[in-house]
Amino acid sequence: MMRRGKALLEGSRQGSVDGNSNVSNDKELVHKCHSDPGGGMALGAAPRPHRHRSASGAPRKCVLTLDGYSYVIVASPPGGAGAPREEAPRPPPPPAPRNGTSPKQGALTIVRRSSSRNKSESCSTPTDEQLDQLDLDTEHLPAVDTPDACDKAALRLRYLLRQLNRGEISAETLQKNLQYAAKVLEAVYIDETKPAVARQQSAPTLVFRRLADEDDELSEVQPDAVPPEVREWLASTFTRQLATSKRKSDEKPKFRSVAHAIRAGIFVDRIYRRVTSTALMQFPQDVVRVLKTLDEWSFDVFALHDAASGAPVKYLGYELLNRYGMIHKFKVPPTILENFLSRIEEGYCKFHNPYHNNLHAADVAQTVHYMLCQTGLMNWLSDLEIFATLVAAVIHDFEHTGTTNNFHVMSGTDTALLYNDRAVLENHHISAAFRLMRDEECNILQNLSRDEFREFRTLVIDMVLATDMSFHFQQLKNMRSLLTLAEPTVDKSKAVSLVLHCCDISHPAKRWDLHHRWTMSLLDEFFLQGDKERDLGLPFSPLCDRNNTLVAESQIGFIEFIVEPSMGVCADMLECILGPLHSSAKNSTSTTANAINEENAGSESSKFKIRKPWVACLSDNKKIWKEQATKDAEARAKQEEETNSAAAETEE
């Protein structure tokens with residue numbers, strides 16, 4: 001530290017001197033030291049720059065410009081006024097020497113501030129030309145504890161992002177540059193948080209405190225915006241917590257005063273998913289491109305299906321479990337996870353269903369992700385509960401036969417006999433998935449403890465059974481009743497079960513082009529069941545008679561009586577659950593949550609609200625269906641009139 005301070009003043013020989021004594025309010029404290037009584041030659045033998053003389057006992061100030069920074073030097077004589085108000089608190093005075101005489105010491109404060117030109121350059125996004133000229137060699141980089149290192153690391157991280165998107169970077173180069181960036185971030189954090197310890201020596205005492213610039217787009221974020229895996233990495237790296245320390249299942253690492261760790265984690269998360277995915281399982285570039293929109297409500301799973309060559313579950317399931325840190329947290333071997341997802345995908349394709357297939361599984365899993373991430377629900381759940389929720393979404397219709405529970409019961413299938421006509425398909429989905437996980441090559445739960453396995457299995461069973469439509473109205477009624485209580489306490493299992501159920505029937509709440517495509521696929525599947533029922537001499541199930549089904553009217557009824565009420569109750573439940581968490585976070589941190597929207601000014605302004613993109617989609621889709629229903633009715637009337645006319649002519 002002494003050498004660093006000395007080098008700073010010696011370097012001023014090459015800098016310009018400004019006699020202005022006005023100190024800006026936006027400065028950053030860099031060095032603070034008690035000067036030698038000699039004052040003028042403290043911290044090195046640099047020539048004295050011009051100073052404004054002041055009254056006895058008043059501090060002396062000067063400004064040096066060096067390497068794009070302005071350094072305001074304030075020298076206070078013993079017993080003087082000291083440094084400006086914005087400086088850090090002075091350390092406690094050193095103990096008196098043994099002879100009882102107290103040395104007379106003044107104070108020397110050095111304050112750094114960025115020039116407006118450099119600040120604008122450092123905060124702006126580098127151009128493609130700048131990135132093209134960047135050399136990723138790590139042999140001649142500045143020391144990690146220097147200001148220039150932060151700029152170098154930031155530029156390299158942006159370059160790595162671009163090269164990863166293009167697939168033009170080697171693993172070795174990536175690793176070296178990420179290691180350098182991590183060391184820089186660690187140095188920033190250490191200098192920011194370590195206490196000021198004064199060395200009791202006759203030489204000047206130096207206390208170093210360096211602050212990163214606070215004026216970029218990441219300056220105000222909530223700690224919970226950091227994904228769990230990145231949060232755990234930050235906790236072990238920047239807060240000196242043991243990575244293997246045991247935590248309660250509901251506990252999340254917190255960074256109350258570690259602003260830089262949070263900001264660094266948000267930035268690193270931009271490349272984290274691609275880095276880990278590249279290291280663990282290769283993703284085709286087309287898949288990477290489609291997955292960039294994974295956080296959107298109306299995610300195009302059909303585009304993912306095409307990009308993934310018909311394997312959307314494999315890539316989306318892997319991406320989600322990796323993004324939420326489940327692979328690392330629960331020690332899931334990557335090859336085992338890949339085997340598991342591939343077998344799950346095969347099970348969804350077993351009966352070649354038009355609707356209940358791997359596309360539907362991927363769509364529901366992505367919608368569950370939206371509910372977890374964009375509403376903030378993930379912050380209310382433990383890691384194990386998130387793991388169970390994601391897996392339940394992936395396997396919820398595993399080996400679906402393309403027929404309803406009622407068809408199994410009425411036709412007396414072996415599956416209906418096995419499960420005694422109760423939630424026939426849902427029981428099979430769960431049982432078949434857990435039987436698959438008993439295979440050593442597909443056992444993603446092999447490193448769970450016995451208690452974790454029991455909790456995981458119970459949650460998955462509850463969630464998948466709740467997708468049985470015969471439980472729909474009772475499920476909504478129970479939740480509505482619970483939310484009317486003065487202080488409702490929502491059980492986590494019931495909450496995630498309702499979320500999965502709503503995601504399972506959410507396609508009418510998506511963008512019209514997606515919803516219409518899903519509707520046509522579902523009707524194709526219903527009509528195929530109707531054909532089987534006709535062949536077996538069974539009555540047609542609702543919507544299964546291809547010659548007498550009113551498509552538009554059926555969708556209007558489905559939206560109005562099933563989907564809209566379900567999404568409304570689910571939103572009310574989420575706001576009830578997350579409201580207290582939001583209030584707590586709002587009191588302790590700055591409020592910048594992507595999913596939070598304060599609406600309804602006045603008496604309702606303080607009520608927590610989540611974004612509800614499904615509301616607009618439901619309204620738009622219902623409007624289109626009503627227009628279609630009118631056209632269909634006119635067409636049927638015209639056809640009936642023509643038929644009657646033809647019949648009348650025949651009689652004549």
# chains A, B, ... in the order shown; residues from 1 in each chain; ligands from 1
$ residues_around --residues "A:Cys544" --least-positions-apart "2" --cutoff "10 Å" --atoms "only C-alpha atoms" --output "ChimeraX atom specification"
/A:523-534,539-542,546-549
$ write_last_selection --atoms "N, CA, C and O atoms" --output "PDB file, in the first residue's frame"
ATOM      1  N   LEU A 523     -57.252 -30.141 -31.017  1.00  0.00           N
ATOM      2  CA  LEU A 523     -58.457 -30.652 -31.667  1.00  0.00           C
ATOM      3  C   LEU A 523     -58.150 -31.890 -32.507  1.00  0.00           C
ATOM      4  O   LEU A 523     -58.959 -32.836 -32.550  1.00  0.00           O
ATOM      5  N   ASP A 524     -56.996 -31.901 -33.166  1.00  0.00           N
ATOM      6  CA  ASP A 524     -56.600 -33.100 -33.917  1.00  0.00           C
ATOM      7  C   ASP A 524     -56.532 -34.307 -32.985  1.00  0.00           C
ATOM      8  O   ASP A 524     -56.989 -35.411 -33.345  1.00  0.00           O
ATOM      9  N   GLU A 525     -55.965 -34.098 -31.801  1.00  0.00           N
ATOM     10  CA  GLU A 525     -55.854 -35.197 -30.843  1.00  0.00           C
ATOM     11  C   GLU A 525     -57.223 -35.629 -30.332  1.00  0.00           C
ATOM     12  O   GLU A 525     -57.502 -36.833 -30.201  1.00  0.00           O
ATOM     13  N   PHE A 526     -58.088 -34.652 -30.050  1.00  0.00           N
ATOM     14  CA  PHE A 526     -59.447 -34.984 -29.616  1.00  0.00           C
ATOM     15  C   PHE A 526     -60.190 -35.777 -30.692  1.00  0.00           C
ATOM     16  O   PHE A 526     -60.894 -36.759 -30.402  1.00  0.00           O
ATOM     17  N   PHE A 527     -60.054 -35.357 -31.943  1.00  0.00           N
ATOM     18  CA  PHE A 527     -60.774 -36.034 -33.030  1.00  0.00           C
ATOM     19  C   PHE A 527     -60.265 -37.461 -33.225  1.00  0.00           C
ATOM     20  O   PHE A 527     -61.050 -38.375 -33.540  1.00  0.00           O
ATOM     21  N   LEU A 528     -58.961 -37.670 -33.016  1.00  0.00           N
ATOM     22  CA  LEU A 528     -58.427 -39.035 -33.095  1.00  0.00           C
ATOM     23  C   LEU A 528     -59.016 -39.906 -31.996  1.00  0.00           C
ATOM     24  O   LEU A 528     -59.321 -41.086 -32.214  1.00  0.00           O
ATOM     25  N   GLN A 529     -59.199 -39.327 -30.804  1.00  0.00           N
ATOM     26  CA  GLN A 529     -59.853 -40.093 -29.732  1.00  0.00           C
ATOM     27  C   GLN A 529     -61.309 -40.377 -30.102  1.00  0.00           C
ATOM     28  O   GLN A 529     -61.823 -41.483 -29.852  1.00  0.00           O
ATOM     29  N   GLY A 530     -61.954 -39.382 -30.704  1.00  0.00           N
ATOM     30  CA  GLY A 530     -63.348 -39.588 -31.125  1.00  0.00           C
ATOM     31  C   GLY A 530     -63.468 -40.724 -32.130  1.00  0.00           C
ATOM     32  O   GLY A 530     -64.427 -41.514 -32.083  1.00  0.00           O
ATOM     33  N   ASP A 531     -62.490 -40.830 -33.016  1.00  0.00           N
ATOM     34  CA  ASP A 531     -62.502 -41.931 -33.978  1.00  0.00           C
ATOM     35  C   ASP A 531     -62.386 -43.273 -33.259  1.00  0.00           C
ATOM     36  O   ASP A 531     -63.066 -44.255 -33.633  1.00  0.00           O
ATOM     37  N   LYS A 532     -61.546 -43.347 -32.238  1.00  0.00           N
ATOM     38  CA  LYS A 532     -61.403 -44.586 -31.467  1.00  0.00           C
ATOM     39  C   LYS A 532     -62.699 -44.902 -30.717  1.00  0.00           C
ATOM     40  O   LYS A 532     -63.113 -46.080 -30.647  1.00  0.00           O
ATOM     41  N   GLU A 533     -63.315 -43.867 -30.157  1.00  0.00           N
ATOM     42  CA  GLU A 533     -64.576 -44.078 -29.427  1.00  0.00           C
ATOM     43  C   GLU A 533     -65.666 -44.574 -30.373  1.00  0.00           C
ATOM     44  O   GLU A 533     -66.467 -45.470 -30.011  1.00  0.00           O
ATOM     45  N   ARG A 534     -65.722 -44.065 -31.583  1.00  0.00           N
ATOM     46  CA  ARG A 534     -66.703 -44.519 -32.564  1.00  0.00           C
ATOM     47  C   ARG A 534     -66.451 -45.989 -32.915  1.00  0.00           C
ATOM     48  O   ARG A 534     -67.394 -46.794 -32.996  1.00  0.00           O
ATOM     49  N   PRO A 539     -69.763 -43.610 -26.519  1.00  0.00           N
ATOM     50  CA  PRO A 539     -70.254 -42.259 -26.832  1.00  0.00           C
ATOM     51  C   PRO A 539     -69.072 -41.298 -26.999  1.00  0.00           C
ATOM     52  O   PRO A 539     -68.027 -41.466 -26.372  1.00  0.00           O
ATOM     53  N   PHE A 540     -69.259 -40.288 -27.811  1.00  0.00           N
ATOM     54  CA  PHE A 540     -68.190 -39.310 -28.014  1.00  0.00           C
ATOM     55  C   PHE A 540     -67.949 -38.503 -26.741  1.00  0.00           C
ATOM     56  O   PHE A 540     -68.893 -38.041 -26.096  1.00  0.00           O
ATOM     57  N   SER A 541     -66.688 -38.321 -26.424  1.00  0.00           N
ATOM     58  CA  SER A 541     -66.342 -37.391 -25.345  1.00  0.00           C
ATOM     59  C   SER A 541     -66.490 -35.974 -25.872  1.00  0.00           C
ATOM     60  O   SER A 541     -66.471 -35.746 -27.091  1.00  0.00           O
ATOM     61  N   PRO A 542     -66.654 -34.993 -24.995  1.00  0.00           N
ATOM     62  CA  PRO A 542     -66.806 -33.606 -25.448  1.00  0.00           C
ATOM     63  C   PRO A 542     -65.663 -33.178 -26.362  1.00  0.00           C
ATOM     64  O   PRO A 542     -64.491 -33.471 -26.106  1.00  0.00           O
ATOM     65  N   ARG A 546     -65.511 -35.029 -34.668  1.00  0.00           N
ATOM     66  CA  ARG A 546     -64.965 -34.109 -35.671  1.00  0.00           C
ATOM     67  C   ARG A 546     -66.048 -33.501 -36.560  1.00  0.00           C
ATOM     68  O   ARG A 546     -65.793 -32.505 -37.252  1.00  0.00           O
ATOM     69  N   ASN A 547     -67.246 -34.082 -36.560  1.00  0.00           N
ATOM     70  CA  ASN A 547     -68.318 -33.564 -37.417  1.00  0.00           C
ATOM     71  C   ASN A 547     -69.269 -32.625 -36.689  1.00  0.00           C
ATOM     72  O   ASN A 547     -70.116 -31.994 -37.315  1.00  0.00           O
ATOM     73  N   ASN A 548     -69.144 -32.521 -35.391  1.00  0.00           N
ATOM     74  CA  ASN A 548     -70.100 -31.708 -34.634  1.00  0.00           C
ATOM     75  C   ASN A 548     -69.423 -30.911 -33.516  1.00  0.00           C
ATOM     76  O   ASN A 548     -69.987 -30.770 -32.434  1.00  0.00           O
ATOM     77  N   THR A 549     -68.259 -30.399 -33.778  1.00  0.00           N
ATOM     78  CA  THR A 549     -67.557 -29.599 -32.772  1.00  0.00           C
ATOM     79  C   THR A 549     -67.468 -28.158 -33.237  1.00  0.00           C
ATOM     80  O   THR A 549     -66.987 -27.876 -34.342  1.00  0.00           O
TER      81      THR A 549
END
$ residues_around --residues "A:His369" --least-positions-apart "2" --cutoff "10 Å" --atoms "only C-alpha atoms" --output "PDB file with N, CA and C atoms, in the first residue's frame"
ATOM      1  N   LEU A 294     -35.971 -16.911 -23.799  1.00  0.00           N
ATOM      2  CA  LEU A 294     -36.566 -17.864 -22.859  1.00  0.00           C
ATOM      3  C   LEU A 294     -37.359 -17.178 -21.753  1.00  0.00           C
ATOM      4  N   ASP A 295     -37.023 -15.938 -21.427  1.00  0.00           N
ATOM      5  CA  ASP A 295     -37.698 -15.236 -20.337  1.00  0.00           C
ATOM      6  C   ASP A 295     -38.989 -14.557 -20.773  1.00  0.00           C
ATOM      7  N   GLU A 296     -39.344 -14.649 -22.036  1.00  0.00           N
ATOM      8  CA  GLU A 296     -40.564 -14.005 -22.516  1.00  0.00           C
ATOM      9  C   GLU A 296     -41.786 -14.868 -22.228  1.00  0.00           C
ATOM     10  N   TRP A 297     -42.934 -14.207 -22.015  1.00  0.00           N
ATOM     11  CA  TRP A 297     -44.164 -14.945 -21.730  1.00  0.00           C
ATOM     12  C   TRP A 297     -44.581 -15.792 -22.932  1.00  0.00           C
ATOM     13  N   LEU A 320     -32.705 -24.895 -18.176  1.00  0.00           N
ATOM     14  CA  LEU A 320     -33.372 -24.425 -16.959  1.00  0.00           C
ATOM     15  C   LEU A 320     -32.708 -24.972 -15.705  1.00  0.00           C
ATOM     16  N   TYR A 324     -30.839 -22.351 -13.035  1.00  0.00           N
ATOM     17  CA  TYR A 324     -31.216 -22.208 -11.632  1.00  0.00           C
ATOM     18  C   TYR A 324     -30.189 -22.833 -10.684  1.00  0.00           C
ATOM     19  N   ASP A 363     -43.091 -26.430 -23.566  1.00  0.00           N
ATOM     20  CA  ASP A 363     -43.874 -25.208 -23.414  1.00  0.00           C
ATOM     21  C   ASP A 363     -44.282 -24.995 -21.962  1.00  0.00           C
ATOM     22  N   VAL A 364     -44.751 -26.039 -21.313  1.00  0.00           N
ATOM     23  CA  VAL A 364     -45.164 -25.920 -19.915  1.00  0.00           C
ATOM     24  C   VAL A 364     -43.963 -25.638 -19.018  1.00  0.00           C
ATOM     25  N   ALA A 365     -42.846 -26.288 -19.279  1.00  0.00           N
ATOM     26  CA  ALA A 365     -41.643 -26.048 -18.477  1.00  0.00           C
ATOM     27  C   ALA A 365     -41.184 -24.595 -18.618  1.00  0.00           C
ATOM     28  N   GLN A 366     -41.239 -24.051 -19.833  1.00  0.00           N
ATOM     29  CA  GLN A 366     -40.843 -22.646 -20.028  1.00  0.00           C
ATOM     30  C   GLN A 366     -41.816 -21.707 -19.333  1.00  0.00           C
ATOM     31  N   THR A 367     -43.096 -22.009 -19.355  1.00  0.00           N
ATOM     32  CA  THR A 367     -44.080 -21.153 -18.691  1.00  0.00           C
ATOM     33  C   THR A 367     -43.893 -21.189 -17.178  1.00  0.00           C
ATOM     34  N   MET A 371     -43.023 -18.064 -14.503  1.00  0.00           N
ATOM     35  CA  MET A 371     -43.670 -17.818 -13.214  1.00  0.00           C
ATOM     36  C   MET A 371     -42.657 -17.785 -12.074  1.00  0.00           C
ATOM     37  N   LEU A 372     -41.656 -18.631 -12.136  1.00  0.00           N
ATOM     38  CA  LEU A 372     -40.637 -18.654 -11.086  1.00  0.00           C
ATOM     39  C   LEU A 372     -39.768 -17.403 -11.137  1.00  0.00           C
ATOM     40  N   CYS A 373     -39.333 -17.055 -12.323  1.00  0.00           N
ATOM     41  CA  CYS A 373     -38.316 -16.008 -12.476  1.00  0.00           C
ATOM     42  C   CYS A 373     -38.910 -14.613 -12.562  1.00  0.00           C
ATOM     43  N   GLN A 374     -39.870 -14.424 -13.454  1.00  0.00           N
ATOM     44  CA  GLN A 374     -40.352 -13.076 -13.729  1.00  0.00           C
ATOM     45  C   GLN A 374     -41.303 -12.534 -12.671  1.00  0.00           C
ATOM     46  N   THR A 375     -41.935 -13.385 -11.891  1.00  0.00           N
ATOM     47  CA  THR A 375     -42.780 -12.888 -10.802  1.00  0.00           C
ATOM     48  C   THR A 375     -42.004 -12.797  -9.490  1.00  0.00           C
ATOM     49  N   LEU A 377     -41.246 -15.639  -7.762  1.00  0.00           N
ATOM     50  CA  LEU A 377     -41.639 -16.782  -6.946  1.00  0.00           C
ATOM     51  C   LEU A 377     -40.435 -17.596  -6.485  1.00  0.00           C
ATOM     52  N   MET A 378     -39.385 -17.626  -7.284  1.00  0.00           N
ATOM     53  CA  MET A 378     -38.197 -18.401  -6.926  1.00  0.00           C
ATOM     54  C   MET A 378     -37.595 -17.945  -5.602  1.00  0.00           C
ATOM     55  N   ILE A 386     -37.518 -25.587  -5.948  1.00  0.00           N
ATOM     56  CA  ILE A 386     -37.360 -25.159  -7.340  1.00  0.00           C
ATOM     57  C   ILE A 386     -36.995 -26.349  -8.221  1.00  0.00           C
ATOM     58  N   THR A 389     -40.064 -28.427  -8.772  1.00  0.00           N
ATOM     59  CA  THR A 389     -41.020 -27.745  -9.651  1.00  0.00           C
ATOM     60  C   THR A 389     -40.612 -27.866 -11.113  1.00  0.00           C
ATOM     61  N   LEU A 390     -39.343 -27.679 -11.399  1.00  0.00           N
ATOM     62  CA  LEU A 390     -38.865 -27.774 -12.781  1.00  0.00           C
ATOM     63  C   LEU A 390     -38.979 -29.199 -13.313  1.00  0.00           C
ATOM     64  N   ALA A 393     -42.585 -30.081 -14.021  1.00  0.00           N
ATOM     65  CA  ALA A 393     -43.045 -29.490 -15.279  1.00  0.00           C
ATOM     66  C   ALA A 393     -42.571 -30.305 -16.477  1.00  0.00           C
ATOM     67  N   CYS A 503     -50.066 -23.297 -15.748  1.00  0.00           N
ATOM     68  CA  CYS A 503     -49.142 -23.336 -16.886  1.00  0.00           C
ATOM     69  C   CYS A 503     -49.533 -24.435 -17.874  1.00  0.00           C
TER      70      CYS A 503
END
$ residues_around --residues "A:Trp512" --least-positions-apart "5" --cutoff "10 Å" --atoms "only C-alpha atoms" --output "PDB file with all heavy atoms, in the first residue's frame"
ATOM      1  N   SER A 298     -44.627 -15.192 -24.107  1.00  0.00           N
ATOM      2  CA  SER A 298     -45.033 -15.932 -25.308  1.00  0.00           C
ATOM      3  C   SER A 298     -43.799 -16.471 -26.026  1.00  0.00           C
ATOM      4  O   SER A 298     -43.505 -16.114 -27.182  1.00  0.00           O
ATOM      5  CB  SER A 298     -45.861 -15.033 -26.234  1.00  0.00           C
ATOM      6  OG  SER A 298     -47.130 -14.771 -25.680  1.00  0.00           O
ATOM      7  N   HIS A 507     -52.016 -22.146 -22.854  1.00  0.00           N
ATOM      8  CA  HIS A 507     -51.808 -21.749 -24.252  1.00  0.00           C
ATOM      9  C   HIS A 507     -52.833 -20.728 -24.751  1.00  0.00           C
ATOM     10  O   HIS A 507     -52.502 -19.886 -25.596  1.00  0.00           O
ATOM     11  CB  HIS A 507     -51.743 -22.971 -25.177  1.00  0.00           C
ATOM     12  CG  HIS A 507     -53.051 -23.626 -25.465  1.00  0.00           C
ATOM     13  ND1 HIS A 507     -53.950 -23.147 -26.379  1.00  0.00           N
ATOM     14  CD2 HIS A 507     -53.617 -24.753 -24.952  1.00  0.00           C
ATOM     15  CE1 HIS A 507     -55.005 -23.939 -26.429  1.00  0.00           C
ATOM     16  NE2 HIS A 507     -54.833 -24.923 -25.573  1.00  0.00           N
ATOM     17  N   ARG A 517     -52.151 -22.320 -33.081  1.00  0.00           N
ATOM     18  CA  ARG A 517     -51.470 -23.552 -33.478  1.00  0.00           C
ATOM     19  C   ARG A 517     -51.692 -24.653 -32.435  1.00  0.00           C
ATOM     20  O   ARG A 517     -51.925 -25.820 -32.787  1.00  0.00           O
ATOM     21  CB  ARG A 517     -49.985 -23.276 -33.662  1.00  0.00           C
ATOM     22  CG  ARG A 517     -49.214 -24.416 -34.294  1.00  0.00           C
ATOM     23  CD  ARG A 517     -47.841 -23.949 -34.744  1.00  0.00           C
ATOM     24  NE  ARG A 517     -47.052 -25.056 -35.272  1.00  0.00           N
ATOM     25  CZ  ARG A 517     -45.834 -24.919 -35.785  1.00  0.00           C
ATOM     26  NH1 ARG A 517     -45.276 -23.724 -35.855  1.00  0.00           N
ATOM     27  NH2 ARG A 517     -45.177 -25.979 -36.250  1.00  0.00           N
ATOM     28  N   TRP A 518     -51.637 -24.285 -31.147  1.00  0.00           N
ATOM     29  CA  TRP A 518     -51.895 -25.268 -30.095  1.00  0.00           C
ATOM     30  C   TRP A 518     -53.340 -25.782 -30.170  1.00  0.00           C
ATOM     31  O   TRP A 518     -53.604 -26.978 -29.984  1.00  0.00           O
ATOM     32  CB  TRP A 518     -51.657 -24.643 -28.725  1.00  0.00           C
ATOM     33  CG  TRP A 518     -50.217 -24.486 -28.316  1.00  0.00           C
ATOM     34  CD1 TRP A 518     -49.571 -23.341 -27.986  1.00  0.00           C
ATOM     35  CD2 TRP A 518     -49.257 -25.541 -28.173  1.00  0.00           C
ATOM     36  NE1 TRP A 518     -48.272 -23.595 -27.649  1.00  0.00           N
ATOM     37  CE2 TRP A 518     -48.043 -24.944 -27.761  1.00  0.00           C
ATOM     38  CE3 TRP A 518     -49.290 -26.916 -28.368  1.00  0.00           C
ATOM     39  CZ2 TRP A 518     -46.890 -25.679 -27.528  1.00  0.00           C
ATOM     40  CZ3 TRP A 518     -48.138 -27.655 -28.138  1.00  0.00           C
ATOM     41  CH2 TRP A 518     -46.959 -27.035 -27.730  1.00  0.00           C
ATOM     42  N   CYS A 617     -53.315 -11.024 -23.693  1.00  0.00           N
ATOM     43  CA  CYS A 617     -53.401 -12.133 -24.657  1.00  0.00           C
ATOM     44  C   CYS A 617     -54.762 -12.807 -24.606  1.00  0.00           C
ATOM     45  O   CYS A 617     -55.357 -13.116 -25.656  1.00  0.00           O
ATOM     46  CB  CYS A 617     -52.295 -13.150 -24.377  1.00  0.00           C
ATOM     47  SG  CYS A 617     -50.627 -12.560 -24.718  1.00  0.00           S
ATOM     48  N   LEU A 618     -55.280 -13.046 -23.410  1.00  0.00           N
ATOM     49  CA  LEU A 618     -56.600 -13.663 -23.277  1.00  0.00           C
ATOM     50  C   LEU A 618     -57.680 -12.796 -23.908  1.00  0.00           C
ATOM     51  O   LEU A 618     -58.572 -13.289 -24.605  1.00  0.00           O
ATOM     52  CB  LEU A 618     -56.917 -13.910 -21.801  1.00  0.00           C
ATOM     53  CG  LEU A 618     -56.193 -15.076 -21.129  1.00  0.00           C
ATOM     54  CD1 LEU A 618     -56.375 -15.034 -19.617  1.00  0.00           C
ATOM     55  CD2 LEU A 618     -56.687 -16.409 -21.680  1.00  0.00           C
ATOM     56  N   ASP A 620     -57.309 -10.493 -26.295  1.00  0.00           N
ATOM     57  CA  ASP A 620     -57.153 -10.468 -27.756  1.00  0.00           C
ATOM     58  C   ASP A 620     -57.634 -11.772 -28.385  1.00  0.00           C
ATOM     59  O   ASP A 620     -58.341 -11.763 -29.412  1.00  0.00           O
ATOM     60  CB  ASP A 620     -55.686 -10.234 -28.121  1.00  0.00           C
ATOM     61  CG  ASP A 620     -55.211  -8.843 -27.742  1.00  0.00           C
ATOM     62  OD1 ASP A 620     -56.060  -7.971 -27.483  1.00  0.00           O
ATOM     63  OD2 ASP A 620     -53.975  -8.639 -27.679  1.00  0.00           O
ATOM     64  N   ASN A 621     -57.249 -12.897 -27.788  1.00  0.00           N
ATOM     65  CA  ASN A 621     -57.628 -14.192 -28.359  1.00  0.00           C
ATOM     66  C   ASN A 621     -59.136 -14.416 -28.296  1.00  0.00           C
ATOM     67  O   ASN A 621     -59.733 -14.947 -29.247  1.00  0.00           O
ATOM     68  CB  ASN A 621     -56.892 -15.311 -27.629  1.00  0.00           C
ATOM     69  CG  ASN A 621     -55.392 -15.268 -27.880  1.00  0.00           C
ATOM     70  OD1 ASN A 621     -54.932 -14.648 -28.839  1.00  0.00           O
ATOM     71  ND2 ASN A 621     -54.621 -15.918 -27.028  1.00  0.00           N
ATOM     72  N   LYS A 622     -59.720 -14.019 -27.195  1.00  0.00           N
ATOM     73  CA  LYS A 622     -61.177 -14.188 -27.071  1.00  0.00           C
ATOM     74  C   LYS A 622     -61.905 -13.330 -28.107  1.00  0.00           C
ATOM     75  O   LYS A 622     -62.914 -13.768 -28.697  1.00  0.00           O
ATOM     76  CB  LYS A 622     -61.619 -13.821 -25.654  1.00  0.00           C
ATOM     77  CG  LYS A 622     -63.080 -14.104 -25.384  1.00  0.00           C
ATOM     78  CD  LYS A 622     -63.386 -14.128 -23.887  1.00  0.00           C
ATOM     79  CE  LYS A 622     -63.074 -12.803 -23.232  1.00  0.00           C
ATOM     80  NZ  LYS A 622     -63.551 -12.773 -21.818  1.00  0.00           N
ATOM     81  N   ILE A 624     -60.791 -12.475 -31.056  1.00  0.00           N
ATOM     82  CA  ILE A 624     -60.636 -13.113 -32.374  1.00  0.00           C
ATOM     83  C   ILE A 624     -61.564 -14.312 -32.498  1.00  0.00           C
ATOM     84  O   ILE A 624     -62.205 -14.520 -33.547  1.00  0.00           O
ATOM     85  CB  ILE A 624     -59.173 -13.535 -32.583  1.00  0.00           C
ATOM     86  CG1 ILE A 624     -58.273 -12.298 -32.659  1.00  0.00           C
ATOM     87  CG2 ILE A 624     -59.023 -14.369 -33.854  1.00  0.00           C
ATOM     88  CD1 ILE A 624     -56.789 -12.616 -32.710  1.00  0.00           C
TER      89      ILE A 624
END
$ residues_around --residues "A:Asn339" --least-positions-apart "2" --cutoff "12 Å" --atoms "only C-alpha atoms" --output "list in words"
Met281, Val313, Lys314, Tyr315, Gly317, Tyr318, Val332, Pro333, Pro334, Thr335, Ile336, Leu337, Leu341, Ser342, Arg343, Ile344, Glu345, Glu346, Leu436, Met437, Asp439, Glu440, Glu441, Cys442, Asn443 and Ile444 of chain A
$ atom_distance --atom1 "atom CA of A:Leu500" --atom2 "atom CA of A:Thr413"
27.0 Å
$ atom_distance --atom1 "atom CA of A:Asn353" --atom2 "atom CA of A:Glu399"
9.9 Å
$ closest_residue --among "A:Ala635, A:Val184, A:Ile559, A:Leu482" --to "A:Ile577" --atoms "only C-alpha atoms"
A:Leu482
